[in-house]
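Chemist: input_35.cif is the file, holding mmCIF, C-alpha atoms:
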```cif
data_input
loop_
_atom_site.label_atom_id
_atom_site.label_comp_id
_atom_site.auth_asym_id
_atom_site.auth_seq_id
_atom_site.Cartn_x
_atom_site.Cartn_y
_atom_site.Cartn_z
CA MET Q 30 6.79 -123.05 125.54
CA GLY Q 31 10.31 -121.72 124.98
CA ALA Q 32 9.20 -118.17 125.76
CA ALA Q 33 7.67 -119.32 129.03
CA LEU Q 34 10.78 -121.30 129.99
CA ASP Q 35 12.85 -118.19 129.33
CA LEU Q 36 11.12 -116.68 132.36
CA VAL Q 37 13.22 -119.09 134.43
CA ARG Q 38 16.31 -119.01 132.23
CA VAL Q 39 16.51 -115.23 132.57
CA LEU Q 40 17.74 -115.79 136.13
CA TRP Q 41 21.09 -117.22 134.99
CA GLU Q 42 21.40 -116.19 131.34
CA PRO Q 43 19.63 -112.83 130.97
CA GLY Q 44 21.75 -111.80 128.00
CA ALA Q 45 20.69 -114.81 125.93
CA VAL Q 46 17.01 -114.46 126.90
CA PHE Q 47 16.88 -110.76 126.07
CA GLY Q 48 18.75 -111.47 122.85
CA ARG Q 49 15.80 -113.63 121.80
CA VAL Q 50 13.41 -110.89 122.93
CA ALA Q 51 15.32 -108.43 120.72
CA GLU Q 52 14.72 -110.67 117.71
CA LYS Q 53 11.04 -111.18 118.54
CA PRO Q 54 9.18 -109.58 121.47
CA ARG Q 55 7.78 -112.27 123.79
CA PHE Q 56 4.96 -111.44 126.15
CA TRP Q 57 1.93 -113.74 126.33
CA GLN Q 58 3.51 -117.05 127.32
CA ALA Q 59 5.71 -115.46 129.96
CA PHE Q 60 2.80 -113.32 131.19
CA LEU Q 61 0.52 -116.33 131.60
CA LEU Q 62 3.19 -118.22 133.54
CA VAL Q 63 3.83 -115.22 135.79
CA VAL Q 64 0.11 -114.87 136.45
CA VAL Q 65 -0.28 -118.55 137.34
CA ILE Q 66 2.63 -118.33 139.78
CA ALA Q 67 1.29 -115.08 141.25
CA ILE Q 68 -2.13 -116.67 141.80
CA VAL Q 69 -0.52 -119.65 143.55
CA PHE Q 70 1.35 -117.37 145.96
CA ALA Q 71 -1.72 -115.17 146.48
CA THR Q 72 -3.68 -118.32 147.36
CA LEU Q 73 -1.01 -119.44 149.84
CA GLN Q 74 -1.06 -115.95 151.34
CA LEU Q 75 -4.86 -115.86 151.64
CA PRO Q 76 -5.03 -116.99 155.32
CA TYR Q 77 -2.61 -114.21 156.24
CA THR Q 78 -4.56 -111.69 154.17
CA LYS Q 79 -7.69 -112.66 156.10
CA ALA Q 80 -5.81 -112.28 159.39
CA ALA Q 81 -4.69 -108.79 158.34
CA LEU Q 82 -8.25 -107.88 157.36
CA ALA Q 83 -9.55 -109.17 160.68
CA ALA Q 84 -7.03 -106.99 162.53
CA GLN Q 85 -8.04 -104.01 160.44
CA PHE Q 86 -11.76 -104.62 161.01
CA ALA Q 87 -11.15 -104.90 164.76
CA GLN Q 88 -9.99 -101.28 164.73
CA ASN Q 89 -13.23 -100.15 163.09
CA PRO Q 90 -16.02 -100.12 165.70
CA GLY Q 91 -18.58 -99.37 163.01
CA MET Q 92 -18.25 -102.82 161.43
CA THR Q 93 -20.63 -105.42 162.82
CA PRO Q 94 -19.60 -109.11 162.96
CA GLU Q 95 -21.98 -109.76 160.04
CA MET Q 96 -20.28 -107.08 157.95
CA GLN Q 97 -16.87 -108.47 158.82
CA GLN Q 98 -17.89 -112.00 157.89
CA ARG Q 99 -19.31 -110.80 154.58
CA ALA Q 100 -16.12 -108.92 153.78
CA MET Q 101 -14.01 -111.97 154.68
CA SER Q 102 -16.05 -114.16 152.35
CA LEU Q 103 -15.20 -111.83 149.48
CA ALA Q 104 -11.43 -112.06 150.04
CA PRO Q 105 -10.93 -115.13 147.76
CA ILE Q 106 -12.67 -113.28 144.91
CA GLY Q 107 -9.65 -110.99 144.81
CA LEU Q 108 -7.66 -113.85 143.28
CA ALA Q 109 -9.68 -113.42 140.08
CA PHE Q 110 -8.32 -109.89 139.74
CA VAL Q 111 -4.67 -110.93 139.93
CA PRO Q 112 -4.28 -111.27 136.11
CA ILE Q 113 -5.90 -107.87 135.52
CA LEU Q 114 -3.84 -106.16 138.20
CA PHE Q 115 -0.61 -107.75 137.02
CA ALA Q 116 -1.34 -106.80 133.41
CA ILE Q 117 -1.96 -103.18 134.41
CA ILE Q 118 1.26 -103.06 136.43
CA LEU Q 119 3.30 -104.50 133.54
CA LEU Q 120 1.73 -102.08 131.06
CA LEU Q 121 2.44 -99.09 133.29
CA ASN Q 122 6.01 -100.27 133.92
CA ALA Q 123 6.57 -100.74 130.20
CA LEU Q 124 5.07 -97.33 129.42
CA LEU Q 125 7.28 -95.65 132.00
CA LEU Q 126 10.33 -97.51 130.72
CA TRP Q 127 9.43 -96.55 127.14
CA VAL Q 128 9.28 -92.87 128.09
CA VAL Q 129 12.59 -93.02 129.98
CA VAL Q 130 14.39 -95.01 127.28
CA SER Q 131 13.08 -92.64 124.59
CA VAL Q 132 14.51 -89.70 126.56
CA VAL Q 133 17.91 -91.11 127.51
CA GLY Q 134 18.61 -93.61 124.75
CA GLY Q 135 16.75 -92.71 121.58
CA GLU Q 136 13.69 -94.47 120.23
CA GLY Q 137 12.09 -96.95 122.62
CA LYS Q 138 10.15 -99.97 121.35
CA PHE Q 139 7.07 -100.45 123.52
CA SER Q 140 6.33 -104.09 122.68
CA THR Q 141 9.95 -105.01 123.34
CA LEU Q 142 10.03 -103.11 126.62
CA LEU Q 143 6.78 -104.78 127.64
CA SER Q 144 8.54 -108.11 127.16
CA VAL Q 145 11.54 -106.85 129.14
CA SER Q 146 9.25 -105.77 131.99
CA THR Q 147 7.51 -109.15 131.95
CA TYR Q 148 10.71 -111.18 132.18
CA SER Q 149 12.15 -108.81 134.79
CA SER Q 150 9.04 -109.38 136.93
CA ILE Q 151 10.53 -112.75 137.93
CA ALA Q 152 12.31 -110.72 140.62
CA PHE Q 153 8.91 -109.81 142.09
CA ILE Q 154 7.88 -113.48 141.96
CA LEU Q 155 10.98 -114.42 143.96
CA LEU Q 156 10.15 -111.69 146.50
CA SER Q 157 6.62 -113.06 146.80
CA ALA Q 158 7.93 -116.59 147.30
CA VAL Q 159 10.27 -115.56 150.10
CA GLY Q 160 7.54 -113.41 151.65
CA VAL Q 161 5.11 -116.34 151.75
CA ILE Q 162 7.75 -118.60 153.28
CA VAL Q 163 8.42 -116.03 156.03
CA LEU Q 164 4.67 -115.66 156.69
CA MET Q 165 4.27 -119.43 156.97
CA THR Q 166 7.16 -119.55 159.41
CA LYS Q 167 5.62 -116.86 161.64
CA GLY Q 168 1.98 -117.98 161.38
CA THR Q 169 -1.22 -115.96 161.21
CA GLY Q 170 -0.87 -114.98 164.86
CA ALA Q 171 1.96 -112.61 163.95
CA ILE Q 172 -0.27 -110.59 161.57
CA SER Q 173 -1.56 -107.40 163.15
CA SER Q 174 -1.98 -105.15 160.10
CA MET Q 175 -1.85 -105.12 156.29
CA ASP Q 176 1.78 -103.95 156.53
CA ASP Q 177 2.72 -107.34 158.00
CA LEU Q 178 1.81 -109.11 154.76
CA GLN Q 179 5.19 -108.15 153.32
CA PRO Q 180 7.88 -109.13 155.83
CA ALA Q 181 10.87 -106.86 156.31
CA LEU Q 182 13.38 -107.92 153.65
CA GLY Q 183 14.87 -104.59 152.61
CA LEU Q 184 16.06 -101.36 154.18
CA ASP Q 185 12.94 -101.46 156.36
CA LEU Q 186 14.95 -103.86 158.53
CA LEU Q 187 16.94 -100.81 159.63
CA ALA Q 188 13.85 -98.79 160.58
CA PRO Q 189 11.32 -101.06 162.33
CA GLY Q 190 9.19 -98.10 163.37
CA ALA Q 191 8.72 -96.68 159.87
CA LYS Q 192 5.17 -96.19 158.61
CA GLY Q 193 3.35 -95.06 155.49
CA PHE Q 194 5.49 -93.39 152.81
CA MET Q 195 8.82 -94.07 154.51
CA LEU Q 196 7.99 -97.73 155.13
CA ALA Q 197 7.00 -98.28 151.50
CA LEU Q 198 10.14 -96.49 150.33
CA LEU Q 199 12.51 -98.51 152.52
CA ARG Q 200 10.63 -101.76 151.92
CA GLY Q 201 10.90 -101.28 148.17
CA ILE Q 202 14.69 -101.19 148.34
CA ASN Q 203 15.48 -104.87 148.79
CA PRO Q 204 17.76 -107.43 147.10
CA PHE Q 205 14.99 -108.72 144.83
CA ALA Q 206 14.01 -105.25 143.64
CA LEU Q 207 17.66 -104.44 142.94
CA TYR Q 208 17.97 -107.68 141.00
CA GLY Q 209 14.92 -106.53 139.03
CA VAL Q 210 16.80 -103.32 138.20
CA PHE Q 211 19.72 -105.43 136.98
CA LEU Q 212 17.43 -107.54 134.77
CA THR Q 213 15.67 -104.46 133.40
CA ALA Q 214 18.96 -102.73 132.64
CA THR Q 215 20.30 -105.86 130.95
CA GLY Q 216 17.11 -106.18 128.91
CA VAL Q 217 17.21 -102.55 127.81
CA ALA Q 218 20.91 -102.74 126.90
CA VAL Q 219 20.52 -105.92 124.85
CA THR Q 220 17.22 -105.17 123.11
CA HIS Q 221 17.95 -101.52 122.30
CA LYS Q 222 21.73 -101.85 121.83
CA LEU Q 223 22.47 -99.20 124.46
CA SER Q 224 25.50 -98.83 126.70
CA LYS Q 225 25.30 -100.30 130.19
CA GLY Q 226 25.45 -96.80 131.65
CA THR Q 227 22.47 -95.60 129.63
CA ALA Q 228 20.51 -98.78 130.28
CA TYR Q 229 21.11 -98.60 134.04
CA THR Q 230 20.13 -94.93 134.01
CA ALA Q 231 16.79 -95.85 132.44
CA ALA Q 232 16.21 -98.78 134.80
CA ILE Q 233 17.12 -96.77 137.91
CA ILE Q 234 14.88 -93.86 136.93
CA GLN Q 235 11.97 -96.25 136.37
CA PHE Q 236 12.66 -97.92 139.72
CA ALA Q 237 12.83 -94.56 141.53
CA VAL Q 238 9.54 -93.36 140.02
CA VAL Q 239 7.79 -96.61 140.99
CA LEU Q 240 9.18 -96.31 144.52
CA LEU Q 241 7.92 -92.75 144.90
CA VAL Q 242 4.46 -93.58 143.52
CA THR Q 243 4.18 -96.66 145.74
CA GLY Q 244 5.30 -94.65 148.75
CA GLY Q 245 2.82 -91.88 147.94
CA LEU Q 246 -0.06 -94.34 147.68
CA ALA Q 247 0.95 -95.93 150.98
CA GLY Q 248 1.01 -92.52 152.62
CA LEU Q 249 -2.47 -91.71 151.31
CA ARG Q 250 -3.77 -95.06 152.54
CA ARG Q 251 -2.54 -94.40 156.04
CA GLY Q 252 -3.79 -90.84 155.89
#
```
Would you write out, as structure tokens, the structure that this file holds?
Modeler:
Amino acid sequence: MGAALDLVRVLWEPGAVFGRVAEKPRFWQAFLLVVVIAIVFATLQLPYTKAALAAQFAQNPGMTPEMQQRAMSLAPIGLAFVPILFAIILLLNALLLWVVVSVVGGEGKFSTLLSVSTYSSIAFILLSAVGVIVLMTKGTGAISSMDDLQPALGLDLLAPGAKGFMLALLRGINPFALYGVFLTATGVAVTHKLSKGTAYTAAIIQFAVVLLVTGGLAGLRRG
């Protein structure tokens, strides 16, 4: 239970939490708690996801009402894939961080960095929570596309007309993502005994790569 509670404690005492991770990598308890929270927020977001799908289907004249209804009925099934998707994301983040840390700071420890990535993902959970609150405030009537599922909370506020790659890039630079960089850098510094400069270099490179990949995928989706 202590490892799971550290997922919350990392918000105000990241050094102490990552100190415990350095002694013994902690993944499963924190991962399970993150997944449960992610499923809760995905469930709360489901009406807005359906509204976004409906708007998307309306732009496709080839979809009959029966096809649309069938697709809508499958939307809740996506909740079952949240643990798998989250696990894949954490593994890829940890792998990327392991490569970067191994290059800039010596030998990286994958299991430890997987734990660091898991605890740092609390920043994403906070982003999801704020996003759901904003969606609830606006209502389903304000949803006109899949892009509306993540309200403007980052640099996308400065470019309301941005689409595709640029939107994903600007949207990804937000206070919660930057706090995730801080947590990741702190975790790398504490668990691998690296300088703050080296740890931040690793965390920023990982963040930049994720931003570019996310932006590229968004551009392909719109293309």
Chemist: Would you work out the distance separating CA of Lys138 in chain Q from CA of Gln235 in chain Q, expressed in Å to one decimal?
Modeler: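 Atom-to-atom, CA of Lys138 in chain Q to CA of Gln235 in chain Q, that is 15.6 Å.
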Chemist: For CA of Ala191 in chain Q and CA of Ala171 in chain Q, determine how far apart the two atoms are, in Å to one decimal place.
Modeler: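 CA of Ala171 in chain Q lies at a distance of 17.8 Å from CA of Ala191 in chain Q.
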Chemist: Per residue of range 76-143 of chain Q within 10 Å of range 194-216 of chain Q, note the shortest atom pair and the distance in Å to one decimal, counting all atoms listed in the file, and order the rows by chain and increasing residue number, as a tab-separated table.
Modeler:
```
residue	atom	partner	partner_atom	distance
Q:Leu126	CA	Q:Thr213	CA	9.2
Q:Thr141	CA	Q:Gly216	CA	9.1
Q:Leu142	CA	Q:Gly216	CA	8.0
```
Chemist: Could you jot down the CA of Ile151 in chain Q to CA of Leu36 in chain Q separation for me, Å, one decimal place?
Modeler: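 These two atoms are separated by 6.8 Å.
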Chemist: Selected by the PyMOL selection byres ((chain Q and resi 107-116) around 8) in the shown coordinates: which residues, as a PyMOL selection string?
Modeler: chain Q and resi 64+67-68+71-72+103-106+117-120
Chemist: Evaluate the PyMOL selection byres ((chain Q and resi 44-55) around 6) on the structure here and hand back the selected residues as a tab-separated table (two decimals) with C-alpha atoms, in the coordinates of the input.
Modeler:
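The resulting out-v7.tsv:
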```tsv
chain	number	residue	atom	x	y	z
Q	39	VAL	CA	16.51	-115.23	132.57
Q	42	GLU	CA	21.40	-116.19	131.34
Q	43	PRO	CA	19.63	-112.83	130.97
Q	56	PHE	CA	4.96	-111.44	126.15
Q	141	THR	CA	9.95	-105.01	123.34
Q	144	SER	CA	8.54	-108.11	127.16
Q	216	GLY	CA	17.11	-106.18	128.91
Q	220	THR	CA	17.22	-105.17	123.11
```
Chemist: Hey, which of Q:Val132, Q:Ile172, Q:Ile66, Q:Ala59 ends up closest to Gln85 in chain Q? Count all atoms listed in the file.
Modeler: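 Result for the nearest residue to Gln85 in chain Q: Q:Ile172.
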Chemist: When you count only C-alpha atoms, which of these residues is closest to Gly183 in chain Q: Q:Leu156, Q:Val239, Q:Leu223, Q:Ala84?
Modeler: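 With only C-alpha atoms as the atom set, the closest residue is Q:Leu156.
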Chemist: Extract, using all atoms listed in the file, all DNA, RNA and protein residues at most 10 Å from Thr78 in chain Q, discarding same-chain residues fewer than 2 positions from it, and format them as a list in words.
Modeler: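 My list of contacting residues is Ala71, Thr72, Leu73, Gln74, Leu75, Pro76, Ala80, Ala81, Leu82, Ala83, Ala84, Met101, Ala104, Pro105, Thr169, Ile172, Ser174, Met175, Asp177 and Leu178 of chain Q.
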Chemist: Give me, as a list of chain:residue names, all polymer residues having an atom no more than 6 Å from Trp127 in chain Q, counting only C-alpha atoms and skipping those fewer than 4 positions away in the same chain.
Modeler: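 Contacts, in chain order: Q:Ala123, Q:Ser131, Q:Gly137, Q:Phe139.
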Chemist: Based on the selection just made, write C-alpha atoms of those residues as a PDB file, keeping the file's coordinate frame.
Modeler:
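Written output follows (out34.pdb):
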```pdb
ATOM      1  CA  ALA Q 123       6.570-100.740 130.200  1.00  0.00           C
ATOM      2  CA  SER Q 131      13.080 -92.640 124.590  1.00  0.00           C
ATOM      3  CA  GLY Q 137      12.090 -96.950 122.620  1.00  0.00           C
ATOM      4  CA  PHE Q 139       7.070-100.450 123.520  1.00  0.00           C
TER       5      PHE Q 139
END
```
Chemist: Between Q:Gly31, Q:Gly170, Q:Gly190, Q:Gly134, which has the minimum distance to Ser224 in chain Q (counting only C-alpha atoms)?
Modeler: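 Looking only at the distances to Ser224 in chain Q, the closest residue turns out to be Q:Gly134.
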Chemist: Calculated over all atoms listed in the file, which of the candidates Q:Leu249, Q:Val161, Q:Leu121, Q:Val219 has the smallest distance to Leu143 in chain Q?
Modeler: Q:Leu121
